[in-house]
Each structure stands twice: as structure tokens, then as C-alpha cells.
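For reference, coords.cif is printed below; it contains mmCIF, C-alpha atoms.
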data_upload
loop_
_atom_site.label_atom_id
_atom_site.label_comp_id
_atom_site.auth_asym_id
_atom_site.auth_seq_id
_atom_site.Cartn_x
_atom_site.Cartn_y
_atom_site.Cartn_z
CA VAL A 1 -12.78 27.04 1.84
CA THR A 2 -13.87 24.77 -0.97
CA GLU A 3 -11.01 25.78 -3.21
CA ALA A 4 -8.47 25.27 -0.43
CA THR A 5 -9.81 21.79 0.31
CA GLU A 6 -9.75 20.84 -3.34
CA ARG A 7 -6.20 21.98 -3.69
CA TRP A 8 -5.29 20.03 -0.57
CA LEU A 9 -6.93 16.88 -1.90
CA ARG A 10 -5.18 17.20 -5.27
CA ASP A 11 -1.86 17.83 -3.54
CA VAL A 12 -2.37 14.73 -1.39
CA GLU A 13 -2.80 12.67 -4.57
CA THR A 14 0.38 14.15 -5.97
CA LEU A 15 2.26 13.42 -2.77
CA ARG A 16 0.90 9.88 -2.54
CA ALA A 17 2.31 9.07 -5.97
CA PHE A 18 5.88 9.86 -4.87
CA PRO A 19 6.71 6.51 -3.25
CA GLN A 20 5.36 4.65 -6.27
CA ARG A 21 7.20 6.88 -8.72
CA TYR A 22 10.38 6.38 -6.73
CA SER A 23 10.06 2.60 -6.69
CA ARG A 24 9.49 2.33 -10.46
CA ALA A 25 12.38 4.69 -11.17
CA ILE A 26 14.90 3.06 -8.84
CA ASP A 27 13.94 -0.48 -9.90
CA ALA A 28 14.45 0.51 -13.53
CA ARG A 29 17.73 2.20 -12.56
CA ASP A 30 16.34 5.29 -14.26
CA ILE A 31 18.36 7.82 -12.26
CA GLU A 32 17.00 10.75 -14.23
CA ALA A 33 13.48 9.79 -13.15
CA VAL A 34 14.71 9.45 -9.56
CA GLY A 35 16.21 12.91 -9.81
CA GLU A 36 12.92 14.46 -10.88
CA LEU A 37 11.51 13.60 -7.46
CA PHE A 38 14.18 15.50 -5.53
CA ASP A 39 14.97 19.13 -4.88
CA PRO A 40 18.47 19.64 -6.37
CA ASP A 41 19.25 21.69 -3.26
CA GLY A 42 18.09 18.86 -1.01
CA VAL A 43 19.82 16.18 1.03
CA VAL A 44 19.51 12.40 1.20
CA ASP A 45 20.56 10.66 4.38
CA GLY A 46 20.81 6.97 3.64
CA ALA A 47 23.01 3.96 3.03
CA LEU A 48 25.63 6.09 1.29
CA GLY A 49 25.77 8.60 4.17
CA THR A 50 24.44 12.15 4.19
CA LEU A 51 24.73 13.52 0.67
CA PRO A 52 23.53 16.54 -1.26
CA VAL A 53 21.07 15.41 -3.91
CA PRO A 54 23.47 15.83 -6.88
CA GLN A 55 26.08 13.64 -5.16
CA TYR A 56 23.40 11.14 -4.15
CA LEU A 57 22.28 10.86 -7.78
CA GLY A 58 25.87 10.64 -8.94
CA GLY A 59 26.44 7.82 -6.49
CA LEU A 60 23.46 5.95 -7.89
CA ARG A 61 24.72 6.43 -11.44
CA ALA A 62 28.19 5.22 -10.56
CA ALA A 63 27.16 2.28 -8.42
CA PRO A 64 27.86 -1.11 -9.97
CA ARG A 65 24.86 -3.37 -10.25
CA SER A 66 25.04 -5.64 -7.22
CA PHE A 67 21.83 -7.57 -7.84
CA ALA A 68 20.21 -8.54 -11.12
CA THR A 69 16.73 -7.62 -9.88
CA SER A 70 15.36 -5.20 -7.34
CA MET A 71 11.77 -4.59 -6.30
CA HIS A 72 10.99 -1.73 -3.95
CA VAL A 73 7.56 -2.45 -2.47
CA LEU A 74 6.65 0.87 -0.88
CA GLY A 75 3.44 1.07 1.09
CA GLU A 76 0.90 3.79 1.56
CA PRO A 77 2.69 6.83 3.00
CA LEU A 78 1.57 8.46 6.21
CA ILE A 79 1.19 12.05 4.98
CA GLU A 80 1.29 15.14 7.19
CA PHE A 81 0.28 18.18 5.21
CA GLU A 82 -1.60 21.24 6.43
CA PRO A 83 -3.91 22.92 3.92
CA GLY A 84 -2.58 26.17 2.54
CA THR A 85 1.07 25.31 3.08
CA ASP A 86 3.89 24.34 0.74
CA VAL A 87 5.55 21.77 3.00
CA ALA A 88 4.65 18.18 3.81
CA THR A 89 6.17 15.14 5.46
CA MET A 90 5.75 11.53 4.43
CA ASP A 91 6.62 8.37 6.34
CA THR A 92 6.69 5.29 4.12
CA TYR A 93 7.34 1.66 5.00
CA ALA A 94 9.14 -0.37 2.37
CA LEU A 95 10.11 -3.95 1.67
CA VAL A 96 13.04 -3.96 -0.71
CA TYR A 97 13.85 -7.20 -2.51
CA GLN A 98 17.40 -7.37 -3.84
CA LEU A 99 17.56 -10.60 -5.80
CA ASP A 100 20.24 -12.63 -7.58
CA ARG A 101 23.40 -11.05 -6.31
CA VAL A 102 25.88 -10.70 -9.13
CA ALA A 103 28.97 -11.39 -7.02
CA GLU A 104 29.75 -14.54 -5.03
CA PRO A 105 28.21 -15.75 -2.89
CA SER A 106 25.05 -15.43 -4.95
CA GLY A 107 21.90 -14.86 -3.01
CA ASP A 108 19.02 -12.57 -2.15
CA VAL A 109 18.57 -9.83 0.40
CA LEU A 110 15.35 -8.47 1.85
CA LEU A 111 15.46 -5.08 3.53
CA GLY A 112 12.92 -3.42 5.80
CA ILE A 113 13.26 0.33 5.25
CA ARG A 114 11.44 3.42 6.45
CA TYR A 115 11.61 6.53 4.28
CA LEU A 116 11.09 9.78 6.18
CA ASP A 117 10.68 12.56 3.63
CA ASP A 118 10.29 16.32 3.90
CA LEU A 119 8.74 17.71 0.75
CA VAL A 120 8.44 21.27 -0.43
CA ARG A 121 6.59 22.91 -3.28
CA ILE A 122 9.08 24.68 -5.53
CA ASN A 123 7.78 26.73 -8.45
CA GLY A 124 4.53 24.82 -8.19
CA ALA A 125 6.07 21.35 -8.17
CA TRP A 126 6.49 19.09 -5.15
CA LYS A 127 10.01 17.83 -4.52
CA ILE A 128 11.69 15.81 -1.79
CA HIS A 129 13.90 18.30 0.02
CA HIS A 130 15.18 15.92 2.67
CA ARG A 131 15.03 12.14 2.77
CA ARG A 132 16.11 9.96 5.64
CA ALA A 133 16.15 6.29 4.70
CA VAL A 134 16.26 4.22 7.88
CA MET A 135 17.34 0.62 7.45
CA LEU A 136 15.22 -1.27 9.97
CA TRP A 137 16.46 -4.78 9.29
CA THR A 138 17.98 -7.01 6.63
CA ARG A 139 17.68 -10.70 5.92
CA VAL B 1 -23.67 18.10 -2.99
CA THR B 2 -20.23 19.62 -3.33
CA GLU B 3 -19.82 20.08 0.37
CA ALA B 4 -20.89 16.49 1.08
CA THR B 5 -18.41 15.15 -1.47
CA GLU B 6 -15.62 17.23 -0.05
CA ARG B 7 -16.36 16.03 3.43
CA TRP B 8 -16.44 12.45 2.14
CA LEU B 9 -13.08 12.85 0.41
CA ARG B 10 -11.49 14.36 3.50
CA ASP B 11 -12.92 11.59 5.66
CA VAL B 12 -11.53 8.98 3.28
CA GLU B 13 -8.08 10.49 3.75
CA THR B 14 -8.50 10.37 7.51
CA LEU B 15 -9.64 6.76 7.36
CA ARG B 16 -6.83 5.74 5.02
CA ALA B 17 -4.25 6.97 7.52
CA PHE B 18 -5.50 4.58 10.23
CA PRO B 19 -3.58 1.48 9.11
CA GLN B 20 -0.38 3.48 8.80
CA ARG B 21 -0.87 5.18 12.16
CA TYR B 22 -1.53 1.78 13.73
CA SER B 23 1.59 0.22 12.26
CA ARG B 24 3.90 3.04 13.43
CA ALA B 25 2.36 2.99 16.90
CA ILE B 26 2.45 -0.77 17.42
CA ASP B 27 5.97 -1.11 16.00
CA ALA B 28 7.16 1.57 18.41
CA ARG B 29 5.23 -0.16 21.21
CA ASP B 30 3.58 3.20 21.81
CA ILE B 31 0.40 1.84 23.35
CA GLU B 32 -0.97 5.31 24.03
CA ALA B 33 -0.81 6.08 20.32
CA VAL B 34 -2.48 2.74 19.57
CA GLY B 35 -5.23 3.65 22.03
CA GLU B 36 -5.95 6.93 20.27
CA LEU B 37 -7.13 4.95 17.26
CA PHE B 38 -9.77 2.98 19.16
CA ASP B 39 -13.15 3.74 20.67
CA PRO B 40 -12.72 3.06 24.42
CA ASP B 41 -16.14 1.38 24.27
CA GLY B 42 -15.04 -0.81 21.37
CA VAL B 43 -13.91 -4.40 21.04
CA VAL B 44 -10.87 -6.07 19.53
CA ASP B 45 -11.15 -9.65 18.37
CA GLY B 46 -7.66 -10.95 17.78
CA ALA B 47 -4.80 -13.14 18.95
CA LEU B 48 -5.59 -12.41 22.60
CA GLY B 49 -9.27 -13.35 22.17
CA THR B 50 -12.26 -11.00 22.17
CA LEU B 51 -11.45 -8.11 24.44
CA PRO B 52 -12.93 -4.72 25.30
CA VAL B 53 -10.52 -2.02 24.12
CA PRO B 54 -9.22 -1.11 27.61
CA GLN B 55 -8.32 -4.75 28.29
CA TYR B 56 -6.82 -5.09 24.83
CA LEU B 57 -4.58 -2.08 25.50
CA GLY B 58 -3.73 -3.37 28.94
CA GLY B 59 -2.72 -6.69 27.41
CA LEU B 60 -0.42 -4.90 24.98
CA ARG B 61 1.15 -2.92 27.82
CA ALA B 62 1.71 -6.02 29.92
CA ALA B 63 2.97 -8.27 27.15
CA PRO B 64 6.64 -9.12 27.38
CA ARG B 65 8.65 -8.27 24.31
CA SER B 66 8.89 -11.51 22.34
CA PHE B 67 10.81 -10.16 19.37
CA ALA B 68 13.41 -7.43 19.23
CA THR B 69 11.93 -5.92 16.07
CA SER B 70 8.48 -5.83 14.52
CA MET B 71 7.39 -4.27 11.25
CA HIS B 72 3.70 -4.17 10.41
CA VAL B 73 3.46 -3.61 6.66
CA LEU B 74 -0.19 -2.70 6.20
CA GLY B 75 -1.49 -2.21 2.70
CA GLU B 76 -4.02 0.13 1.22
CA PRO B 77 -7.33 -0.49 2.99
CA LEU B 78 -10.48 -1.36 1.08
CA ILE B 79 -12.78 1.34 2.46
CA GLU B 80 -16.58 1.15 2.50
CA PHE B 81 -18.04 4.49 3.51
CA GLU B 82 -21.27 6.08 2.36
CA PRO B 83 -21.30 9.88 2.12
CA GLY B 84 -23.24 11.56 4.88
CA THR B 85 -22.80 8.77 7.41
CA ASP B 86 -20.66 8.37 10.51
CA VAL B 87 -19.76 4.71 10.03
CA ALA B 88 -17.23 3.02 7.80
CA THR B 89 -15.59 -0.34 7.34
CA MET B 90 -12.01 -1.04 6.34
CA ASP B 91 -10.44 -4.28 5.18
CA THR B 92 -6.65 -4.19 5.31
CA TYR B 93 -4.09 -6.82 4.31
CA ALA B 94 -0.93 -6.93 6.38
CA LEU B 95 2.45 -8.60 6.38
CA VAL B 96 3.80 -8.58 9.91
CA TYR B 97 7.49 -9.25 10.40
CA GLN B 98 8.41 -10.38 13.90
CA LEU B 99 12.17 -10.58 13.94
CA ASP B 100 14.86 -11.74 16.34
CA ARG B 101 12.86 -13.69 18.88
CA VAL B 102 14.16 -12.95 22.34
CA ALA B 103 13.60 -16.45 23.73
CA GLU B 104 15.12 -19.69 22.46
CA PRO B 105 14.94 -20.88 19.83
CA SER B 106 15.79 -17.56 18.24
CA GLY B 107 14.23 -16.88 14.89
CA ASP B 108 11.80 -14.82 12.85
CA VAL B 109 8.10 -15.12 12.15
CA LEU B 110 6.15 -13.69 9.24
CA LEU B 111 2.39 -13.39 9.61
CA GLY B 112 -0.27 -12.80 6.98
CA ILE B 113 -3.08 -10.90 8.70
CA ARG B 114 -6.33 -9.31 7.58
CA TYR B 115 -7.72 -6.49 9.71
CA LEU B 116 -11.49 -6.04 9.43
CA ASP B 117 -12.40 -2.78 11.12
CA ASP B 118 -15.69 -1.03 11.85
CA LEU B 119 -15.12 2.65 12.45
CA VAL B 120 -17.43 5.28 13.87
CA ARG B 121 -17.23 9.03 14.14
CA ILE B 122 -17.45 10.00 17.82
CA ASN B 123 -17.57 13.71 18.70
CA GLY B 124 -16.16 14.45 15.29
CA ALA B 125 -13.25 12.00 15.49
CA TRP B 126 -13.03 8.63 13.74
CA LYS B 127 -12.30 5.67 15.98
CA ILE B 128 -12.11 1.91 15.48
CA HIS B 129 -15.16 0.54 17.24
CA HIS B 130 -14.63 -3.09 16.33
CA ARG B 131 -11.54 -4.79 15.00
CA ARG B 132 -11.30 -8.37 13.89
CA ALA B 133 -7.71 -9.42 13.21
CA VAL B 134 -7.74 -12.62 11.18
CA MET B 135 -4.50 -14.57 11.14
CA LEU B 136 -4.34 -15.99 7.64
CA TRP B 137 -1.04 -17.80 7.88
CA THR B 138 2.30 -17.82 9.68
CA ARG B 139 5.78 -18.83 8.59
CA VAL C 1 -13.67 23.48 -12.61
CA THR C 2 -14.71 22.52 -9.12
CA GLU C 3 -17.12 19.90 -10.35
CA ALA C 4 -14.51 18.39 -12.68
CA THR C 5 -11.97 18.18 -9.86
CA GLU C 6 -14.47 16.57 -7.55
CA ARG C 7 -15.37 14.00 -10.14
CA TRP C 8 -11.69 13.33 -10.73
CA LEU C 9 -11.05 12.85 -7.02
CA ARG C 10 -14.01 10.50 -6.66
CA ASP C 11 -12.89 8.55 -9.71
CA VAL C 12 -9.39 8.23 -8.27
CA GLU C 13 -10.89 6.67 -5.15
CA THR C 14 -12.85 4.23 -7.27
CA LEU C 15 -9.76 3.33 -9.27
CA ARG C 16 -7.61 2.94 -6.18
CA ALA C 17 -9.99 0.32 -4.82
CA PHE C 18 -9.50 -1.95 -7.85
CA PRO C 19 -6.28 -3.66 -6.73
CA GLN C 20 -7.76 -4.33 -3.29
CA ARG C 21 -11.03 -5.62 -4.72
CA TYR C 22 -9.07 -7.87 -7.06
CA SER C 23 -6.94 -9.30 -4.27
CA ARG C 24 -9.91 -10.14 -2.03
CA ALA C 25 -11.80 -11.71 -4.95
CA ILE C 26 -8.94 -13.81 -6.26
CA ASP C 27 -7.85 -14.95 -2.79
CA ALA C 28 -11.41 -16.07 -2.08
CA ARG C 29 -11.51 -17.73 -5.51
CA ASP C 30 -14.67 -15.69 -6.11
CA ILE C 31 -14.41 -15.59 -9.90
CA GLU C 32 -17.69 -13.74 -10.27
CA ALA C 33 -16.27 -10.91 -8.17
CA VAL C 34 -13.10 -10.96 -10.26
CA GLY C 35 -15.22 -10.73 -13.39
CA GLU C 36 -17.01 -7.61 -12.15
CA LEU C 37 -13.69 -5.76 -12.35
CA PHE C 38 -13.12 -6.51 -16.03
CA ASP C 39 -14.61 -5.32 -19.30
CA PRO C 40 -16.09 -8.47 -20.90
CA ASP C 41 -14.64 -7.22 -24.19
CA GLY C 42 -11.21 -6.82 -22.62
CA VAL C 43 -8.03 -8.85 -22.65
CA VAL C 44 -5.77 -10.27 -19.94
CA ASP C 45 -2.16 -10.93 -20.76
CA GLY C 46 -0.73 -13.06 -18.00
CA ALA C 47 0.48 -16.46 -16.84
CA LEU C 48 -2.15 -18.22 -18.97
CA GLY C 49 -1.14 -16.30 -22.11
CA THR C 50 -3.11 -13.56 -23.85
CA LEU C 51 -6.79 -14.28 -23.35
CA PRO C 52 -10.08 -12.51 -23.90
CA VAL C 53 -11.67 -11.80 -20.52
CA PRO C 54 -14.34 -14.54 -20.78
CA GLN C 55 -11.68 -17.17 -21.48
CA TYR C 56 -9.48 -15.76 -18.73
CA LEU C 57 -12.33 -16.09 -16.25
CA GLY C 58 -13.15 -19.56 -17.54
CA GLY C 59 -9.55 -20.55 -17.03
CA LEU C 60 -9.68 -19.33 -13.45
CA ARG C 61 -12.89 -21.29 -12.83
CA ALA C 62 -11.47 -24.48 -14.33
CA ALA C 63 -8.04 -24.26 -12.69
CA PRO C 64 -7.44 -26.86 -10.01
CA ARG C 65 -6.44 -25.47 -6.64
CA SER C 66 -2.66 -25.71 -6.55
CA PHE C 67 -2.13 -24.10 -3.16
CA ALA C 68 -4.31 -24.22 -0.07
CA THR C 69 -3.83 -20.51 0.63
CA SER C 70 -3.10 -17.48 -1.48
CA MET C 71 -2.59 -13.89 -0.39
CA HIS C 72 -2.24 -11.19 -3.04
CA VAL C 73 -0.63 -8.20 -1.33
CA LEU C 74 -1.17 -5.43 -3.86
CA GLY C 75 0.33 -2.05 -3.16
CA GLU C 76 -0.82 1.44 -3.84
CA PRO C 77 -1.30 1.80 -7.60
CA LEU C 78 0.45 4.47 -9.61
CA ILE C 79 -2.58 6.02 -11.32
CA GLU C 80 -2.47 8.04 -14.54
CA PHE C 81 -5.82 9.65 -15.18
CA GLU C 82 -6.53 12.99 -16.83
CA PRO C 83 -9.57 14.90 -15.56
CA GLY C 84 -12.52 14.82 -17.93
CA THR C 85 -11.55 11.56 -19.60
CA ASP C 86 -12.93 8.02 -19.39
CA VAL C 87 -9.62 6.20 -19.56
CA ALA C 88 -6.95 5.56 -16.94
CA THR C 89 -3.88 3.44 -16.44
CA MET C 90 -2.72 1.82 -13.23
CA ASP C 91 0.64 0.27 -12.39
CA THR C 92 0.52 -1.89 -9.27
CA TYR C 93 3.28 -3.81 -7.52
CA ALA C 94 2.24 -7.07 -5.88
CA LEU C 95 3.67 -9.70 -3.60
CA VAL C 96 1.72 -12.91 -4.12
CA TYR C 97 2.04 -15.61 -1.47
CA GLN C 98 1.04 -19.07 -2.70
CA LEU C 99 1.22 -21.28 0.35
CA ASP C 100 0.89 -24.99 1.12
CA ARG C 101 1.11 -26.52 -2.32
CA VAL C 102 -1.43 -29.30 -2.64
CA ALA C 103 0.74 -31.55 -4.84
CA GLU C 104 4.14 -32.98 -4.00
CA PRO C 105 6.59 -31.59 -3.29
CA SER C 106 4.70 -29.47 -0.80
CA GLY C 107 5.96 -25.96 -0.35
CA ASP C 108 5.37 -22.26 -0.77
CA VAL C 109 5.96 -19.85 -3.60
CA LEU C 110 6.37 -16.08 -3.43
CA LEU C 111 5.88 -14.11 -6.63
CA GLY C 112 6.81 -10.52 -7.43
CA ILE C 113 4.27 -9.28 -9.97
CA ARG C 114 3.54 -5.98 -11.65
CA TYR C 115 0.01 -5.40 -12.93
CA LEU C 116 -0.25 -2.88 -15.78
CA ASP C 117 -3.91 -2.07 -16.31
CA ASP C 118 -5.78 0.05 -18.82
CA LEU C 119 -9.19 0.99 -17.47
CA VAL C 120 -12.17 2.49 -19.23
CA ARG C 121 -15.45 3.89 -18.02
CA ILE C 122 -18.29 1.90 -19.60
CA ASN C 123 -21.87 3.03 -18.94
CA GLY C 124 -20.60 4.95 -15.95
CA ALA C 125 -18.64 2.07 -14.40
CA TRP C 126 -14.88 1.65 -14.46
CA LYS C 127 -13.63 -1.67 -15.83
CA ILE C 128 -10.21 -3.12 -16.60
CA HIS C 129 -10.06 -3.27 -20.37
CA HIS C 130 -6.54 -4.58 -20.66
CA ARG C 131 -4.36 -6.16 -18.01
CA ARG C 132 -0.76 -7.16 -18.40
CA ALA C 133 0.52 -9.16 -15.45
CA VAL C 134 4.31 -9.18 -15.54
CA MET C 135 5.98 -11.85 -13.44
CA LEU C 136 9.10 -10.15 -12.13
CA TRP C 137 10.50 -12.99 -10.06
CA THR C 138 9.55 -16.11 -8.11
CA ARG C 139 11.01 -17.74 -5.04
#
Using the file provided, produce a representation of the structure as C-alpha cells.
Amino acid sequence: VTEATERWLRDVETLRAFPQRYSRAIDARDIEAVGELFDPDGVVDGALGTLPVPQYLGGLRAAPRSFATSMHVLGEPLIEFEPGTDVATMDTYALVYQLDRVAEPSGDVLLGIRYLDDLVRINGAWKIHHRRAVMLWTR
Amino acid sequence: VTEATERWLRDVETLRAFPQRYSRAIDARDIEAVGELFDPDGVVDGALGTLPVPQYLGGLRAAPRSFATSMHVLGEPLIEFEPGTDVATMDTYALVYQLDRVAEPSGDVLLGIRYLDDLVRINGAWKIHHRRAVMLWTR
Amino acid sequence: VTEATERWLRDVETLRAFPQRYSRAIDARDIEAVGELFDPDGVVDGALGTLPVPQYLGGLRAAPRSFATSMHVLGEPLIEFEPGTDVATMDTYALVYQLDRVAEPSGDVLLGIRYLDDLVRINGAWKIHHRRAVMLWTR
């Protein structure tokens, strides 16, 4: 029992780091670091539609920079993860600041987003297998 | 010692989920899910005054919808919890977005709130026994 | 192994509380409480320049109040900490609300800040040995 609980607690710490790793990677436009978080056989359902992970990452790489600065403030995830399993879900609230639009009219955008992630352990490493990014509001 | 620490660590995870469970429940106006977080013999001291939990929940159920959208962005709680006890306190900063006011004048409100919670373990389940919601500022 | 993991998990909880302890202390202008978080032999690299901790704290004590209200909303830190060591790094995103400027013109400021902290365990207690506060943007 003790070993199972310890593993669960360590896994929870690993899972909890995902939103923060994602925010640093995406704000730095480090698409390789974003890709390390995802299962290459996974799917991302977001602003660009429903895309297999490789296409999602390709879309990020190809996207022109619309704003000079972005800051993804992701909160504490609500983690659902049963001990002894290799699957977990996370539900993360985010405030995304998109600042200094490059094109005219210049300006800022603030987005309220909810990330609903299914994670799986693959060869010992947690990966996001399915992400649904729900745009709640924009200002 | 090991068992006590493990129990403490697991309890901390349970406690940490409370702010996130609250935010999802209140944003969905799922008052039953809000109620599951509170001790029915507890008290909530907030915008509606100092109310026993059943009246607090009744007030939430009866309240007209003032804004079309709300997003309660609750941060990581500062948890005070001694191992081996059944009481804990949590201090949680929150940014609450109330968007698209239904009545005129239309508009948005942003609130800075601090939730000061006393929690107790009742029949093995943590519940908020006393909540003080301090409105720090509004814009 | 079990004992090392347990110590690591407890240390992570201690580390995770730092951003929240800092925000409560600085928002209350409780400079003594801020000082308890820092190694007196450490350095803070921020808005006031690169300062040894005692001078940093002195600067905070001497600073006139520019805004009536401040709220430091610090997110979940990204923690790097190897089991069995006495050093850790934390990377924390923050939204800092500075409200009701005392001087004219009155107004509010919102800052996006990233705190990059090196922590060390000194005589059994974790302290911030080096902080770099990076101002990402202001509005």
C-alpha cells in the first residue's frame, strides 16, 4: 500500500507540472518543448480545429506571430487519477494574455480558456493523449 | 511516522482540490456540487452576509443570474494543516470574472477575492466548516 | 528509498508554499514576513536593481506606498528539485495588481512578472538564495 501511495503522490507531482511546462513552452514559442508534453498519437481539439498532434505542432510552427508577447497563466489543475492506473484527467483554468498585436489595429486580447486533458503513461512517461481547449470568453 | 506522513500528503492533495472543485461548481451554477464541499452545520461569511450553509446554498439557488458568464480563477491555496489532526485552514487568492451583465448597463466586473476557509474532517470526508470571503477590490 | 521519497514530497509542499507566503507578506507590506523567506546572504535581482537581501528588504521598508492596494496573484510554481539535495529552483508566473495609485494621475497598473528563484536548505529551513524578478509586461 505504501509503495502504491508513494507512486501516486509522485505521479501527481509530475502531472501537476504539465500546465506550467506547457505555459513556459508555448510562451517561448518552443514548439519542441510543447511536443514533449503530447503523445504523438494523440489529438488536440482547439482553436485550430481537431488535429492529430503532429499536425497541431506543425500548425504552431507555421503560425505567424500575431502578438509580440503572450503569457499563459495556467492555474492549479483539478486532477483525477486513480492509484495503480496509467490514465489521468486534468481540468485547468487559464488566463491567456496576448499582448501587442503585430497587425493593425494594434491591441491586446485576454482569453479565458479551460484545458481538459486526458493523459496516459507511455513507456513510463506521462503524455497528453487528448486535449480539448475550450475558449470560454475573450476580451 | 511513514504512515502519518503519507496520510498527511494525501490529505493535502484532497484539500488542494477544494478551490478548483469550488470554481468549477460555482461557474456551472451547480449548487449541489458546491454544497458537497461544505459542512451543512457550517457558516459562510461573504457577500450575502453571515449565513448558515443551508441558507447560503439556498441564496445561491434563488439568486437571479446577473452575468451570462463567470470564471472563478482560484490560485494555489496556502494550506495550514498539522499531521495527525482533522482540521485545516486554507487561504486562497481569487480573480473572479463576471462577464456580460444581463441587466443594463451591460458590462463586466473583475473581483479580487480572498477565501479564508476552516476545514474539518467529518466521517472521513473534508468539508469547509467556515468560509470567509473577503472582497479585496472590484473593477 | 521510501524515506527519501517522503522527504522529497514534504519538501515539495514546503517549496510550493513559498509563492503564496510571499504574496500574502508583500501585499500586507509585512517586510519581516518577506524577510523570513530569504537567505540573508542572498541576492534579489528585480525592479530595484541587483541587491543583497538586507538592502532589498531595507528598500521595501523605506519605499513610500505608491498604490493603496496590491494583490500578487502567484501561480503554481514549476519546481525543479532532485531528491536528496538541498537546492531547488522555482519558476513562478505572477499577475500583480497595483490599484488606486496614491499620486496623480490616479490609476491602476497590472504587471506580468516571472519569478525565477534558487532556493537552498540552510540549517534545515528552505530559503530563497537568489531571486530574479523578470517584468514581462505592464498595462
Name the residues in contact with segment 21-32 of chain B at a cut-off of 9 Å, using all atoms listed in the file, excluding same-chain residues fewer than 3 positions from it; report them as JSON, numbers by chain.
-> {"A": [78], "B": [17, 18, 35, 36, 37, 57, 58, 60, 61, 69, 70, 71, 72, 73, 74]}
Selection under test: the PyMOL selection byres ((chain A) within 7 of (chain B)); residues as a PDB file with C-alpha atoms, keeping the file's coordinate frame:
ATOM      1  CA  GLY A  75       3.440   1.070   1.090  1.00  0.00           C
ATOM      2  CA  GLU A  76       0.900   3.790   1.560  1.00  0.00           C
ATOM      3  CA  LEU A  78       1.570   8.460   6.210  1.00  0.00           C
ATOM      4  CA  TYR A  93       7.340   1.660   5.000  1.00  0.00           C
TER       5      TYR A  93
END
Residues picked by the PyMOL selection byres ((chain A and resi 110) around 9) here, as a PyMOL selection string?
-> chain A and resi 95-99+108-109+111-112+137-139
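Between atom CA of Val87 of chain B and atom CA of Tyr115 of chain B there is a distance of 16.4 Å.
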Pick from C:Glu82, C:Ala88, C:Trp126, C:Leu116: nearest to Thr5 of chain C, with all atoms listed in the file counted?
->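 Comparing C:Glu82, C:Ala88, C:Trp126, C:Leu116 against Thr5 of chain C, the winner is C:Glu82.
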Selection result of the PyMOL selection byres ((chain A and resi 45) around 6) on this file, as an mmCIF file with C-alpha atoms, in the frame of the given file:
data_model
loop_
_atom_site.group_PDB
_atom_site.id
_atom_site.type_symbol
_atom_site.label_atom_id
_atom_site.label_comp_id
_atom_site.auth_asym_id
_atom_site.auth_seq_id
_atom_site.Cartn_x
_atom_site.Cartn_y
_atom_site.Cartn_z
ATOM 1 C CA VAL A 44 19.510 12.400 1.200
ATOM 2 C CA GLY A 46 20.810 6.970 3.640
ATOM 3 C CA GLY A 49 25.770 8.600 4.170
ATOM 4 C CA THR A 50 24.440 12.150 4.190
ATOM 5 C CA ARG A 131 15.030 12.140 2.770
ATOM 6 C CA ARG A 132 16.110 9.960 5.640
#
Within 9 Å of Thr89 of chain A, counting only C-alpha atoms, which residues qualify if same-chain residues fewer than 5 places away don't, as a PDB file with C-alpha atoms, in the frame of the given file?
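Output file selection_14.pdb follows:
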ATOM      1  CA  LEU A  78       1.570   8.460   6.210  1.00  0.00           C
ATOM      2  CA  ILE A  79       1.190  12.050   4.980  1.00  0.00           C
ATOM      3  CA  GLU A  80       1.290  15.140   7.190  1.00  0.00           C
ATOM      4  CA  PHE A  81       0.280  18.180   5.210  1.00  0.00           C
ATOM      5  CA  LEU A 116      11.090   9.780   6.180  1.00  0.00           C
ATOM      6  CA  ASP A 117      10.680  12.560   3.630  1.00  0.00           C
ATOM      7  CA  ASP A 118      10.290  16.320   3.900  1.00  0.00           C
ATOM      8  CA  LEU A 119       8.740  17.710   0.750  1.00  0.00           C
ATOM      9  CA  VAL A 120       8.440  21.270  -0.430  1.00  0.00           C
TER      10      VAL A 120
END
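Going from atom CA of Thr14 of chain C over to atom CA of Ala125 of chain A, you cover 25.5 Å.
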What is the atom CA of Leu48 of chain B-atom CA of Ile113 of chain B distance in Å, reported with one decimal?
->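 Pair atom CA of Leu48 of chain B / atom CA of Ile113 of chain B returns 14.2 Å.
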